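File shown here: input10.cif, holding mmCIF, C-alpha atoms.
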data_data
loop_
_atom_site.label_atom_id
_atom_site.label_comp_id
_atom_site.auth_asym_id
_atom_site.auth_seq_id
_atom_site.Cartn_x
_atom_site.Cartn_y
_atom_site.Cartn_z
CA MET A 1 111.88 90.66 110.09
CA HIS A 2 114.49 92.06 107.73
CA GLU A 3 113.67 89.72 104.84
CA LEU A 4 111.76 92.47 103.02
CA ALA A 5 114.87 94.68 102.96
CA VAL A 6 116.92 91.69 101.77
CA CYS A 7 114.32 90.98 99.09
CA GLN A 8 114.32 94.56 97.81
CA SER A 9 118.10 94.42 97.53
CA LEU A 10 117.82 91.11 95.67
CA LEU A 11 115.30 92.57 93.21
CA ARG A 12 117.54 95.56 92.49
CA ALA A 13 120.44 93.20 91.74
CA VAL A 14 118.18 91.12 89.48
CA GLU A 15 116.98 94.21 87.62
CA ARG A 16 120.56 95.42 87.09
CA ALA A 17 121.51 92.01 85.69
CA ALA A 18 118.44 91.85 83.42
CA LEU A 19 118.86 95.39 82.12
CA SER A 20 122.55 94.84 81.43
CA HIS A 21 121.46 91.98 79.12
CA GLY A 22 118.79 94.04 77.41
CA ALA A 23 115.93 92.10 79.00
CA THR A 24 112.72 93.72 80.19
CA ALA A 25 111.31 90.80 82.20
CA VAL A 26 112.61 87.99 84.39
CA SER A 27 110.94 84.56 84.64
CA ALA A 28 112.96 82.92 87.42
CA ILE A 29 115.52 83.78 90.08
CA THR A 30 117.73 81.31 91.93
CA VAL A 31 119.31 82.20 95.27
CA ALA A 32 121.41 80.24 97.77
CA ILE A 33 120.66 80.75 101.46
CA GLY A 34 122.61 79.22 104.34
CA PRO A 35 121.30 78.69 107.88
CA LEU A 36 123.95 81.14 109.19
CA SER A 37 122.99 83.94 106.77
CA GLY A 38 120.45 85.34 109.21
CA VAL A 39 117.73 85.04 106.57
CA GLU A 40 114.79 82.61 106.82
CA ALA A 41 113.80 81.05 103.48
CA PRO A 42 110.00 80.93 104.16
CA LEU A 43 110.01 84.60 105.17
CA LEU A 44 112.06 85.52 102.10
CA GLU A 45 109.54 83.69 99.89
CA ARG A 46 106.65 85.56 101.45
CA ALA A 47 108.44 88.91 101.16
CA PHE A 48 109.24 88.14 97.52
CA THR A 49 105.57 87.82 96.52
CA VAL A 50 105.02 91.35 97.85
CA ALA A 51 108.27 93.02 96.80
CA ARG A 52 108.35 91.76 93.19
CA SER A 53 105.27 93.85 92.21
CA GLY A 54 106.15 96.62 89.81
CA THR A 55 109.61 95.24 89.07
CA LEU A 56 110.99 93.37 86.05
CA ALA A 57 110.51 90.25 88.18
CA ALA A 58 106.79 90.88 88.80
CA ARG A 59 105.95 87.43 87.42
CA ALA A 60 109.17 85.65 88.32
CA ALA A 61 109.45 82.45 90.33
CA LEU A 62 111.92 82.34 93.22
CA GLU A 63 113.96 79.19 93.73
CA ILE A 64 115.80 78.98 97.04
CA GLN A 65 118.68 76.52 97.28
CA ALA A 66 119.36 75.60 100.93
CA ALA A 67 123.11 75.61 101.53
CA PRO A 68 124.36 73.05 104.09
CA ILE A 69 126.62 73.94 107.01
CA VAL A 70 130.07 72.46 106.39
CA VAL A 71 133.24 73.11 108.43
CA TRP A 72 136.90 72.40 107.61
CA CYS A 73 139.31 71.21 110.29
CA SER A 74 142.92 71.87 109.40
CA SER A 75 144.27 69.40 112.02
CA CYS A 76 142.18 66.50 110.71
CA GLY A 77 142.22 67.68 107.11
CA VAL A 78 138.54 66.86 106.70
CA GLN A 79 135.28 68.66 105.95
CA THR A 80 132.29 67.63 108.04
CA PRO A 81 128.67 68.77 108.40
CA ALA A 82 127.86 70.78 111.53
CA ALA A 83 124.93 72.37 113.38
CA ALA A 84 124.41 76.15 113.44
CA ASN A 85 125.28 76.41 117.15
CA ALA A 86 127.88 73.64 117.20
CA LEU A 87 130.41 74.56 114.53
CA LEU A 88 132.77 71.77 115.57
CA CYS A 89 134.92 69.31 113.68
CA GLY A 90 132.89 66.10 113.19
CA ARG A 91 136.03 64.02 113.76
CA CYS A 92 137.98 65.62 116.64
CA GLY A 93 135.39 68.04 118.05
CA THR A 94 137.56 71.18 118.02
CA TRP A 95 135.93 74.57 117.53
CA GLN A 96 138.99 75.83 115.67
CA VAL A 97 137.46 75.23 112.26
CA ASP A 98 136.73 77.29 109.15
CA LEU A 99 133.21 77.57 107.83
CA ARG A 100 133.18 76.30 104.25
CA SER A 101 129.43 76.58 103.62
CA GLY A 102 126.39 77.76 105.54
CA ASP A 103 126.42 81.58 105.55
CA GLU A 104 125.46 82.06 101.89
CA LEU A 105 123.18 84.93 100.93
CA LEU A 106 123.79 84.82 97.21
CA LEU A 107 122.03 85.49 93.95
CA MET A 108 123.02 82.57 91.72
CA ARG A 109 121.02 82.74 88.48
CA VAL A 110 118.52 84.91 86.61
CA GLU A 111 116.29 83.50 83.86
CA LEU A 112 115.21 86.13 81.38
CA ALA A 113 111.61 85.88 80.18
CA ALA A 114 111.17 84.54 76.64
CA ASP A 115 108.65 87.26 75.93
CA ALA A 116 109.48 90.75 77.03
CA ASP A 117 105.80 91.58 77.47
CA PRO A 118 104.87 90.69 81.08
CA ALA A 119 101.18 90.28 80.16
CA ALA A 120 102.02 87.69 77.50
CA ALA A 121 104.19 85.78 79.99
CA ALA A 122 101.35 85.45 82.49
CA CYS A 123 100.88 81.70 82.03
CA MET B 124 133.92 113.36 94.75
CA CYS B 125 131.41 110.70 95.67
CA GLU B 126 128.46 110.77 93.28
CA HIS B 127 126.08 109.51 95.96
CA CYS B 128 126.67 112.13 98.58
CA GLY B 129 129.28 114.61 97.47
CA CYS B 130 131.75 113.58 100.17
CA ALA B 131 135.42 113.72 99.30
CA ALA B 132 135.76 110.16 98.06
CA THR B 133 139.05 108.92 96.68
CA ALA B 134 139.34 106.98 93.43
CA GLU B 135 139.60 103.82 95.53
CA ILE B 136 136.28 104.52 97.21
CA VAL B 137 134.59 105.24 93.91
CA ARG B 138 135.90 101.93 92.57
CA LEU B 139 134.55 100.12 95.64
CA THR B 140 131.13 101.69 95.20
CA ASP B 141 130.89 101.09 91.47
CA HIS B 142 128.13 98.49 91.47
CA THR B 143 128.39 97.58 87.83
CA SER B 144 131.94 96.32 88.30
CA THR B 145 130.78 93.69 90.79
CA ILE B 146 128.43 91.87 88.44
CA SER B 147 130.41 89.49 86.31
CA ALA B 148 127.67 87.73 84.43
CA THR B 149 128.38 85.14 81.83
CA ALA B 150 125.55 83.97 79.65
CA ALA B 151 125.12 80.21 80.09
CA SER B 152 122.51 80.46 77.36
CA ASP B 153 120.88 83.50 75.79
CA ARG B 154 118.02 83.31 78.32
CA SER B 155 119.83 82.41 81.51
CA ILE B 156 122.41 84.51 83.36
CA GLU B 157 124.73 82.59 85.67
CA ILE B 158 125.67 85.15 88.25
CA VAL B 159 127.10 84.80 91.72
CA THR B 160 126.74 88.01 93.64
CA ALA B 161 125.92 88.93 97.22
CA ILE B 162 122.23 89.68 97.63
CA LEU B 163 123.17 92.59 99.91
CA ASP B 164 125.68 93.80 97.32
CA GLU B 165 124.44 97.41 97.47
CA ASN B 166 124.68 97.54 101.25
CA ASP B 167 128.10 95.85 101.18
CA HIS B 168 129.43 98.49 98.79
CA GLN B 169 128.01 101.34 100.81
CA ALA B 170 129.62 99.76 103.89
CA ALA B 171 132.99 99.52 102.10
CA HIS B 172 132.63 103.20 101.22
CA ASN B 173 131.91 104.06 104.86
CA ARG B 174 134.89 102.02 106.06
CA ALA B 175 137.26 103.69 103.61
CA HIS B 176 135.88 107.11 104.57
CA LEU B 177 136.38 106.38 108.28
CA ARG B 178 139.86 104.98 107.68
CA ASP B 179 140.85 108.14 105.80
CA HIS B 180 139.96 110.09 108.95
CA GLY B 181 141.79 107.69 111.29
CA ILE B 182 138.52 106.72 113.00
CA LEU B 183 137.83 103.33 114.57
CA ALA B 184 134.14 102.39 114.19
CA VAL B 185 132.61 99.82 116.54
CA ASN B 186 129.16 98.30 115.99
CA LEU B 187 127.46 97.51 119.32
CA MET B 188 124.75 94.89 119.07
CA SER B 189 122.57 93.11 121.64
CA SER B 190 119.04 92.42 122.83
CA PRO B 191 117.00 95.46 123.88
CA GLY B 192 117.77 96.27 127.50
CA SER B 193 121.15 94.59 127.80
CA GLY B 194 122.80 97.89 128.73
CA LYS B 195 124.27 99.30 125.52
CA THR B 196 123.49 102.95 126.29
CA SER B 197 124.58 102.64 129.92
CA LEU B 198 127.83 101.11 128.71
CA LEU B 199 128.33 104.02 126.30
CA GLU B 200 127.82 106.53 129.13
CA ALA B 201 130.27 104.69 131.37
CA THR B 202 132.74 104.32 128.48
CA ILE B 203 132.68 108.08 127.82
CA ASP B 204 133.55 108.69 131.49
CA ALA B 205 136.20 105.97 131.64
CA ALA B 206 137.87 107.00 128.37
CA ALA B 207 137.98 110.73 129.14
CA GLY B 208 141.30 112.15 127.95
CA ARG B 209 142.29 108.96 126.11
CA PHE B 210 140.29 109.36 122.92
CA ARG B 211 137.59 111.53 121.40
CA ILE B 212 134.28 109.71 121.02
CA ALA B 213 131.19 110.24 118.88
CA VAL B 214 128.07 108.08 118.95
CA ILE B 215 125.44 107.02 116.42
CA GLU B 216 122.26 105.77 118.08
CA GLY B 217 119.78 103.47 116.35
CA ASP B 218 116.26 103.04 117.70
CA LEU B 219 112.82 102.59 116.18
CA GLU B 220 111.62 105.78 117.86
CA THR B 221 112.71 108.63 120.22
CA GLU B 222 115.86 110.73 120.66
CA ASN B 223 116.19 109.56 124.27
CA ASP B 224 119.47 107.69 123.88
CA ALA B 225 121.16 110.48 121.87
CA ARG B 226 120.10 112.95 124.60
CA ARG B 227 121.73 110.78 127.26
CA ILE B 228 125.00 110.75 125.28
CA ARG B 229 124.91 114.50 124.50
CA ALA B 230 124.44 115.14 128.23
CA LYS B 231 127.96 113.70 128.59
CA GLY B 232 129.29 116.36 126.20
CA VAL B 233 129.78 113.91 123.34
CA PRO B 234 128.31 114.41 119.84
CA ALA B 235 125.50 111.95 119.13
CA ILE B 236 123.37 111.40 116.03
CA GLN B 237 120.06 109.63 116.54
CA ILE B 238 118.79 107.47 113.70
CA THR B 239 115.13 106.61 114.14
CA THR B 240 114.38 103.68 111.89
CA GLY B 241 110.57 103.60 112.21
CA GLN B 242 109.62 99.97 111.67
CA THR B 243 113.05 98.90 110.43
CA CYS B 244 114.66 96.39 112.79
CA HIS B 245 118.33 97.15 112.01
CA LEU B 246 120.71 99.89 110.91
CA ASP B 247 122.11 99.67 107.40
CA ALA B 248 125.15 101.19 105.72
CA ARG B 249 123.15 103.96 104.03
CA MET B 250 121.72 105.18 107.35
CA VAL B 251 125.21 105.24 108.89
CA HIS B 252 126.56 107.03 105.83
CA ASP B 253 123.99 109.79 106.19
CA ALA B 254 124.77 110.07 109.90
CA LEU B 255 128.50 110.38 109.15
CA HIS B 256 127.76 113.52 107.17
CA ALA B 257 126.26 115.09 110.27
CA LEU B 258 129.46 114.50 112.30
CA GLU B 259 132.72 116.45 112.29
CA LEU B 260 134.97 113.52 111.44
CA GLU B 261 138.17 115.50 112.03
CA THR B 262 137.35 115.69 115.73
CA ILE B 263 136.71 111.96 116.31
CA ASP B 264 138.97 109.02 117.22
CA LEU B 265 136.32 106.46 118.10
CA LEU B 266 132.83 106.11 116.60
CA LEU B 267 130.53 103.92 118.66
CA ILE B 268 127.44 102.80 116.72
CA GLU B 269 124.64 101.52 118.93
CA ASN B 270 122.58 99.29 116.66
CA VAL B 271 118.86 98.66 117.12
CA GLY B 272 118.32 96.30 120.07
CA ASN B 273 117.76 93.01 118.25
CA LEU B 274 119.75 89.77 118.19
CA VAL B 275 118.67 88.76 114.68
CA CYS B 276 118.46 91.37 111.92
CA PRO B 277 121.51 93.59 112.63
CA ALA B 278 123.80 90.58 112.11
CA SER B 279 123.04 90.58 108.38
CA PHE B 280 124.00 94.19 107.58
CA ASP B 281 127.57 95.46 107.33
CA LEU B 282 127.68 99.13 108.37
CA GLY B 283 131.31 99.87 107.55
CA GLN B 284 132.46 99.19 111.12
CA HIS B 285 135.90 97.82 111.97
CA ALA B 286 134.70 95.54 114.76
CA ASN B 287 131.49 94.07 116.16
CA VAL B 288 130.95 94.06 119.89
CA THR B 289 128.00 92.00 121.13
CA LEU B 290 126.65 92.46 124.64
CA LEU B 291 125.12 89.60 126.61
CA SER B 292 123.65 90.72 129.93
CA VAL B 293 123.79 88.13 132.69
CA THR B 294 120.01 88.37 133.20
CA GLU B 295 119.46 86.95 129.70
CA GLY B 296 120.93 83.49 130.30
CA ASP B 297 124.30 82.04 129.38
CA ASP B 298 122.93 80.07 126.40
CA LYS B 299 122.04 83.14 124.28
CA PRO B 300 124.98 82.48 121.89
CA ALA B 301 123.56 78.98 121.20
CA LYS B 302 120.09 80.44 120.55
CA TYR B 303 121.30 83.28 118.26
CA PRO B 304 124.36 81.80 116.54
CA THR B 305 124.49 84.19 113.58
CA MET B 306 124.76 87.22 115.87
CA PHE B 307 127.36 85.79 118.24
CA ARG B 308 129.39 84.26 115.40
CA ALA B 309 129.80 87.81 114.04
CA ALA B 310 131.18 89.16 117.34
CA ASP B 311 134.81 90.26 117.56
CA LEU B 312 134.33 90.82 121.28
CA VAL B 313 131.58 89.60 123.61
CA LEU B 314 130.88 91.75 126.67
CA LEU B 315 129.06 90.00 129.52
CA SER B 316 127.22 93.02 130.93
CA LYS B 317 125.58 93.73 134.31
CA ILE B 318 127.97 91.41 136.13
CA ASP B 319 127.24 93.32 139.33
CA LEU B 320 124.02 91.23 139.33
CA LEU B 321 125.89 87.91 139.34
CA ASP B 322 125.73 87.85 143.14
CA VAL B 323 121.95 87.50 143.00
CA LEU B 324 121.79 85.21 139.94
CA ASP B 325 122.69 81.59 140.55
CA ASP B 326 121.98 80.34 137.04
CA PHE B 327 124.43 82.30 134.88
CA SER B 328 127.88 80.83 134.31
CA THR B 329 130.47 82.96 132.54
CA GLN B 330 132.32 79.73 131.64
CA ARG B 331 129.22 78.28 129.97
CA ALA B 332 128.61 81.55 128.09
CA GLU B 333 132.18 81.43 126.78
CA ALA B 334 131.84 77.76 125.81
CA HIS B 335 128.74 78.61 123.75
CA VAL B 336 130.72 81.35 121.93
CA ARG B 337 133.56 78.89 121.22
CA ALA B 338 131.04 76.37 119.83
CA LEU B 339 130.38 78.94 117.08
CA ALA B 340 134.02 78.57 115.98
CA ASN B 341 134.56 82.06 117.36
CA ALA B 342 137.78 82.93 119.22
CA ALA B 343 136.43 86.34 120.34
CA GLU B 344 137.43 87.39 123.84
CA VAL B 345 134.58 87.16 126.37
CA MET B 346 134.90 90.05 128.83
CA PRO B 347 132.77 90.57 131.99
CA ILE B 348 131.86 94.19 132.69
CA SER B 349 129.41 96.37 134.59
CA ALA B 350 128.56 99.93 133.63
CA ARG B 351 127.81 100.50 137.33
CA ARG B 352 131.28 99.34 138.38
CA PRO B 353 133.81 101.59 136.60
CA GLN B 354 136.67 99.46 137.96
CA THR B 355 135.48 96.59 135.68
CA LEU B 356 135.84 98.65 132.50
CA GLY B 357 139.63 98.76 132.25
CA PRO B 358 140.04 95.76 129.90
CA TRP B 359 137.27 97.13 127.61
CA ILE B 360 138.89 100.57 127.37
CA ASP B 361 142.28 98.94 126.76
CA TRP B 362 140.71 96.79 124.00
CA LEU B 363 139.33 99.92 122.32
CA GLU B 364 142.71 101.62 122.53
CA ARG B 365 144.48 98.58 121.03
CA GLU B 366 141.92 98.35 118.21
CA LEU B 367 142.27 102.07 117.47
CA ALA B 368 146.06 101.81 117.33
CA ALA B 369 145.87 98.69 115.13
CA SER B 370 143.43 100.29 112.71
CA ARG B 371 145.67 103.34 112.35
CA THR B 372 148.80 101.32 111.68
CA GLY B 373 147.00 98.94 109.34
CA ALA B 374 147.75 96.06 111.73
CA ALA B 375 144.11 95.27 112.48
CA PRO B 376 143.31 91.56 112.23
CA PRO B 377 140.92 90.44 109.48
CA ARG B 378 137.35 90.62 110.75
CA ARG B 379 134.32 88.48 110.14
CA ARG B 380 132.00 91.46 109.99
CA ALA B 381 128.26 91.43 110.38
CA GLY B 382 127.00 91.00 106.86
CA ALA B 383 130.38 89.86 105.55
CA ARG B 384 130.29 86.42 103.99
CA ARG B 385 132.35 84.27 101.77
CA GLN B 386 131.37 85.09 98.21
CA ALA B 387 130.88 81.50 97.07
CA SER B 388 130.96 77.96 98.43
CA GLY B 389 134.12 75.90 98.42
#

File written out as structure tokens:
Amino acid sequence: MHELAVCQSLLRAVERAALSHGATAVSAITVAIGPLSGVEAPLLERAFTVARSGTLAARAALEIQAAPIVVWCSSCGVQTPAAANALLCGRCGTWQVDLRSGDELLLMRVELAADADPAAAAC
Amino acid sequence: MCEHCGCAATAEIVRLTDHTSTISATAASDRSIEIVTAILDENDHQAAHNRAHLRDHGILAVNLMSSPGSGKTSLLEATIDAAAGRFRIAVIEGDLETENDARRIRAKGVPAIQITTGQTCHLDARMVHDALHALELETIDLLLIENVGNLVCPASFDLGQHANVTLLSVTEGDDKPAKYPTMFRAADLVLLSKIDLLDVLDDFSTQRAEAHVRALANAAEVMPISARRPQTLGPWIDWLERELAASRTGAAPPRRRAGARRQASG
């Protein structure tokens, strides 16, 4: 279970972004997670509720966008969806494909709280 | 000078580890920051620092990953014997507890740093960085990093290695790559270990194991070895020698490292 370490890294990145914009609180965080990232979204959510305490994101919501697995086959010139353990071209079946989506572990967006006072932003 | 540790970092390393330069935020509105950055950005930058530091010393770093008990430490012992006189080895050992593995390596006359991670299920770039400072880098050609035995978590953390080697022991079943795709997709080389046991196992097929690796869109070589059969280790030692030569001439192929991802979709 390494989601807590991932979450702590996420929160540090969020705090850097918020501070660089002069904000003292964050209301929402959006991340993109792919099935091949090695991170489980439900575990990340649970870790987030623990790890956010004492940070600028103590009252922030976490939105997780699930990234689909998509591969590109250069012979067929097409992108097709694929399964995590069958990264094969959906048309010709070759394994010689490039992953175009599915391993994301990205911070996408940070919403800064309207009120800098965390107590006032409780509801 | 590196501000984190005081090591002799070049300007290039300092640029790589300058976190603020990696956040290119543009305000979509005054309350929302559109930002696309790796969640493990800090670890990735520490790993880049490690890699540059190792490259400056002409060291090839290999990250060994597998289940617990697949024979990583036995392979290291056999590798030290088989590579004697060909290159100088140092080892970083990762375990939750005990110095046992580092003791086994030191008994072979090779420097070994034990990282005990406590409850942490993987090594990260900071742990490896601290271990590097305990090694005499001028005396090393090959750094073998034995990650914590775990087929899940280590796949997400770049350590600064040049190549990932994943072991699959024949007692585990040939469908392990299908069950743990993230780990085996990150492998630059898959070693099928304990092949001396194949005679008594009728349910492991090396062909099926290789097919499962290919189904992860991974062209990594799949190499059968046994630490108990030194005559099987030749191709592995040759692979290490080729990788070392390639890393020193800058001819190393681009790697899909553990923890390394595309930065955005599309």

- So how many Å separate CA of Cys89 in chain A and CA of Arg337 in chain B, to one decimal?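 Computing it gives 12.3 Å between the two atoms.
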
- Message: Evaluated on this file, the PyMOL selection byres ((chain A) within 6 of (chain B)) picks out some residues - which ones are they, written as a PyMOL selection string?
- Response: chain A and resi 2+9-10+36+38+85-87+95-96+100-101+105-112

May I have the residues from that selection written out with C-alpha atoms, as a PDB file, in the coordinates of the input?
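Once written, result.pdb looks like this:
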ATOM      1  CA  HIS A   2     114.490  92.060 107.730  1.00  0.00           C
ATOM      2  CA  SER A   9     118.100  94.420  97.530  1.00  0.00           C
ATOM      3  CA  LEU A  10     117.820  91.110  95.670  1.00  0.00           C
ATOM      4  CA  LEU A  36     123.950  81.140 109.190  1.00  0.00           C
ATOM      5  CA  GLY A  38     120.450  85.340 109.210  1.00  0.00           C
ATOM      6  CA  ASN A  85     125.280  76.410 117.150  1.00  0.00           C
ATOM      7  CA  ALA A  86     127.880  73.640 117.200  1.00  0.00           C
ATOM      8  CA  LEU A  87     130.410  74.560 114.530  1.00  0.00           C
ATOM      9  CA  TRP A  95     135.930  74.570 117.530  1.00  0.00           C
ATOM     10  CA  GLN A  96     138.990  75.830 115.670  1.00  0.00           C
ATOM     11  CA  ARG A 100     133.180  76.300 104.250  1.00  0.00           C
ATOM     12  CA  SER A 101     129.430  76.580 103.620  1.00  0.00           C
ATOM     13  CA  LEU A 105     123.180  84.930 100.930  1.00  0.00           C
ATOM     14  CA  LEU A 106     123.790  84.820  97.210  1.00  0.00           C
ATOM     15  CA  LEU A 107     122.030  85.490  93.950  1.00  0.00           C
ATOM     16  CA  MET A 108     123.020  82.570  91.720  1.00  0.00           C
ATOM     17  CA  ARG A 109     121.020  82.740  88.480  1.00  0.00           C
ATOM     18  CA  VAL A 110     118.520  84.910  86.610  1.00  0.00           C
ATOM     19  CA  GLU A 111     116.290  83.500  83.860  1.00  0.00           C
ATOM     20  CA  LEU A 112     115.210  86.130  81.380  1.00  0.00           C
TER      21      LEU A 112
END

- Determine the nearest neighbour of Glu63 in chain A from the options A:Ala23, A:Glu45, A:Val14, A:Ala114, counting only C-alpha atoms.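 For Glu63 in chain A, the nearest of the given residues is A:Glu45.
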
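Excluding Lys231 in chain B and any residue on its chain fewer than 3 positions from it, the residues at most 12 Å away by only C-alpha atoms are Thr196, Ser197, Leu199, Glu200, Ala201, Thr202, Ile203, Asp204, Ala205, Ala206, Ala207, Ile212, Ala213, Val214, Asp224, Ala225, Arg226, Arg227, Ile228, Pro234 and Ala235 of chain B.
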
- Message: List as a VMD selection string the protein and nucleic acid residues near Phe48 in chain A, meaning an atom at most 12 Å away when all atoms listed in the file are counted, but skip any in the same chain fewer than 3 places from it.
- Response: chain A and resid 3 to 11 28 to 29 31 41 to 45 51 to 55 57 to 64

- Atomic distance CA of Ser349 in chain B - CA of Asp281 in chain B, expressed in Å with one decimal: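 About the pair CA of Ser349 in chain B and CA of Asp281 in chain B: they are 27.3 Å apart.
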
- Task: Name the closest residue to Leu282 in chain B among the candidates B:Arg365, B:His252, B:Arg178, B:Arg352; distances are taken between atoms, counting only C-alpha atoms.
- Result: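 Under the stated criterion, the closest residue is B:His252.
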
- Item | Among listed residues A:Val26, A:Asp103, A:Ala83, A:Pro35, nearest Leu56 in chain A (using all atoms listed in the file) | A:Val26

- Message: Running the PyMOL selection byres ((chain B and resi 274) around 6) on this model by hand, what would come out? Give it as a PyMOL selection string.
- Response: chain B and resi 189-190+273+275

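Our summary of the geometry notes that CA of Arg209 in chain B is positioned 28.8 Å from CA of Pro191 in chain B.
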
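Across A:Ala84, A:Met1, A:Val78, A:Ala66, the tightest approach to Thr30 in chain A is made by A:Ala66 when counting only C-alpha atoms.
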
- Task: For range 285-290 of chain B, list every protein, DNA or RNA residue within 7 Å, evaluated using only C-alpha atoms, and leave out those in the same chain fewer than 6 positions away; present the list as a list in words.
- Result: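 So, after excluding close chain neighbours, the residues are Leu183, Ala184, Val185, Asn186, Leu187, Met188, Ser189, Ser193, Phe307, Ala309, Ala310, Asp311, Leu312, Val313, Leu314, Leu315, Ser316, Arg378 and Arg380 of chain B.
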
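Closest to Gly34 in chain A among A:Thr80, A:Thr94, A:Gln65, A:Ser74 is A:Gln65, based on all atoms listed in the file.
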
- Task: Can you turn the PyMOL selection byres ((chain A and resi 71) around 7) into a concrete residue list for this file, as an MDAnalysis selection string?
- Result: chainID A and resid 69:70 72:73 79:82 87 89 97:100

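Minimum atom-to-atom distance to Pro353 in chain B, evaluated using all atoms listed in the file, belongs to B:Leu198 out of B:Ala171, B:Ala257, B:Leu267, B:Leu198.
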
Centre and edge lengths, as AutoDock Vina command-line options, for the axis-aligned box enclosing every listed atom of range 35-50 of chain A with 8 Å of padding on each of the six sides, in Å to one decimal?
--center_x 114.5 --center_y 85.0 --center_z 102.9 --size_x 34.9 --size_y 28.7 --size_z 28.7

- Query: Could you tell me, as a PyMOL selection string, which residues have any atom at most 10 Å from (115.4, 107.6, 111.7), counting only C-alpha atoms?
  - Reply: chain B and resi 216-222+236-243+246+250+254

Mind writing range 299-312 of chain B to a file for me, with N, CA and C atoms, as a PDB file, in the first residue's frame?
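Generated output (selection03.pdb):
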ATOM      1  N   LYS B 299       2.390 -14.764 -13.875  1.00  0.00           N
ATOM      2  CA  LYS B 299       2.637 -13.595 -13.012  1.00  0.00           C
ATOM      3  C   LYS B 299       2.632 -12.281 -13.799  1.00  0.00           C
ATOM      4  N   PRO B 300       3.220 -12.220 -15.014  1.00  0.00           N
ATOM      5  CA  PRO B 300       3.180 -10.944 -15.745  1.00  0.00           C
ATOM      6  C   PRO B 300       1.756 -10.479 -16.057  1.00  0.00           C
ATOM      7  N   ALA B 301       0.820 -11.441 -16.259  1.00  0.00           N
ATOM      8  CA  ALA B 301      -0.574 -11.067 -16.535  1.00  0.00           C
ATOM      9  C   ALA B 301      -1.261 -10.579 -15.262  1.00  0.00           C
ATOM     10  N   LYS B 302      -0.811 -11.092 -14.103  1.00  0.00           N
ATOM     11  CA  LYS B 302      -1.437 -10.699 -12.835  1.00  0.00           C
ATOM     12  C   LYS B 302      -0.894  -9.357 -12.321  1.00  0.00           C
ATOM     13  N   TYR B 303       0.360  -9.045 -12.647  1.00  0.00           N
ATOM     14  CA  TYR B 303       1.007  -7.809 -12.156  1.00  0.00           C
ATOM     15  C   TYR B 303       1.551  -7.017 -13.349  1.00  0.00           C
ATOM     16  N   PRO B 304       0.648  -6.535 -14.210  1.00  0.00           N
ATOM     17  CA  PRO B 304       1.108  -5.932 -15.470  1.00  0.00           C
ATOM     18  C   PRO B 304       1.968  -4.686 -15.302  1.00  0.00           C
ATOM     19  N   THR B 305       1.677  -3.864 -14.283  1.00  0.00           N
ATOM     20  CA  THR B 305       2.455  -2.625 -14.140  1.00  0.00           C
ATOM     21  C   THR B 305       3.923  -2.944 -13.887  1.00  0.00           C
ATOM     22  N   MET B 306       4.173  -3.922 -13.016  1.00  0.00           N
ATOM     23  CA  MET B 306       5.553  -4.311 -12.709  1.00  0.00           C
ATOM     24  C   MET B 306       6.273  -4.876 -13.936  1.00  0.00           C
ATOM     25  N   PHE B 307       5.637  -5.828 -14.623  1.00  0.00           N
ATOM     26  CA  PHE B 307       6.345  -6.481 -15.727  1.00  0.00           C
ATOM     27  C   PHE B 307       6.408  -5.599 -16.974  1.00  0.00           C
ATOM     28  N   ARG B 308       5.507  -4.629 -17.078  1.00  0.00           N
ATOM     29  CA  ARG B 308       5.601  -3.671 -18.191  1.00  0.00           C
ATOM     30  C   ARG B 308       6.824  -2.780 -18.021  1.00  0.00           C
ATOM     31  N   ALA B 309       7.238  -2.564 -16.760  1.00  0.00           N
ATOM     32  CA  ALA B 309       8.382  -1.685 -16.481  1.00  0.00           C
ATOM     33  C   ALA B 309       9.722  -2.392 -16.666  1.00  0.00           C
ATOM     34  N   ALA B 310       9.708  -3.714 -16.892  1.00  0.00           N
ATOM     35  CA  ALA B 310      10.963  -4.480 -16.939  1.00  0.00           C
ATOM     36  C   ALA B 310      11.713  -4.253 -18.248  1.00  0.00           C
ATOM     37  N   ASP B 311      13.009  -4.013 -18.141  1.00  0.00           N
ATOM     38  CA  ASP B 311      13.887  -3.967 -19.312  1.00  0.00           C
ATOM     39  C   ASP B 311      14.492  -5.337 -19.588  1.00  0.00           C
ATOM     40  N   LEU B 312      14.450  -6.189 -18.573  1.00  0.00           N
ATOM     41  CA  LEU B 312      14.904  -7.577 -18.704  1.00  0.00           C
ATOM     42  C   LEU B 312      14.117  -8.392 -17.692  1.00  0.00           C
TER      43      LEU B 312
END
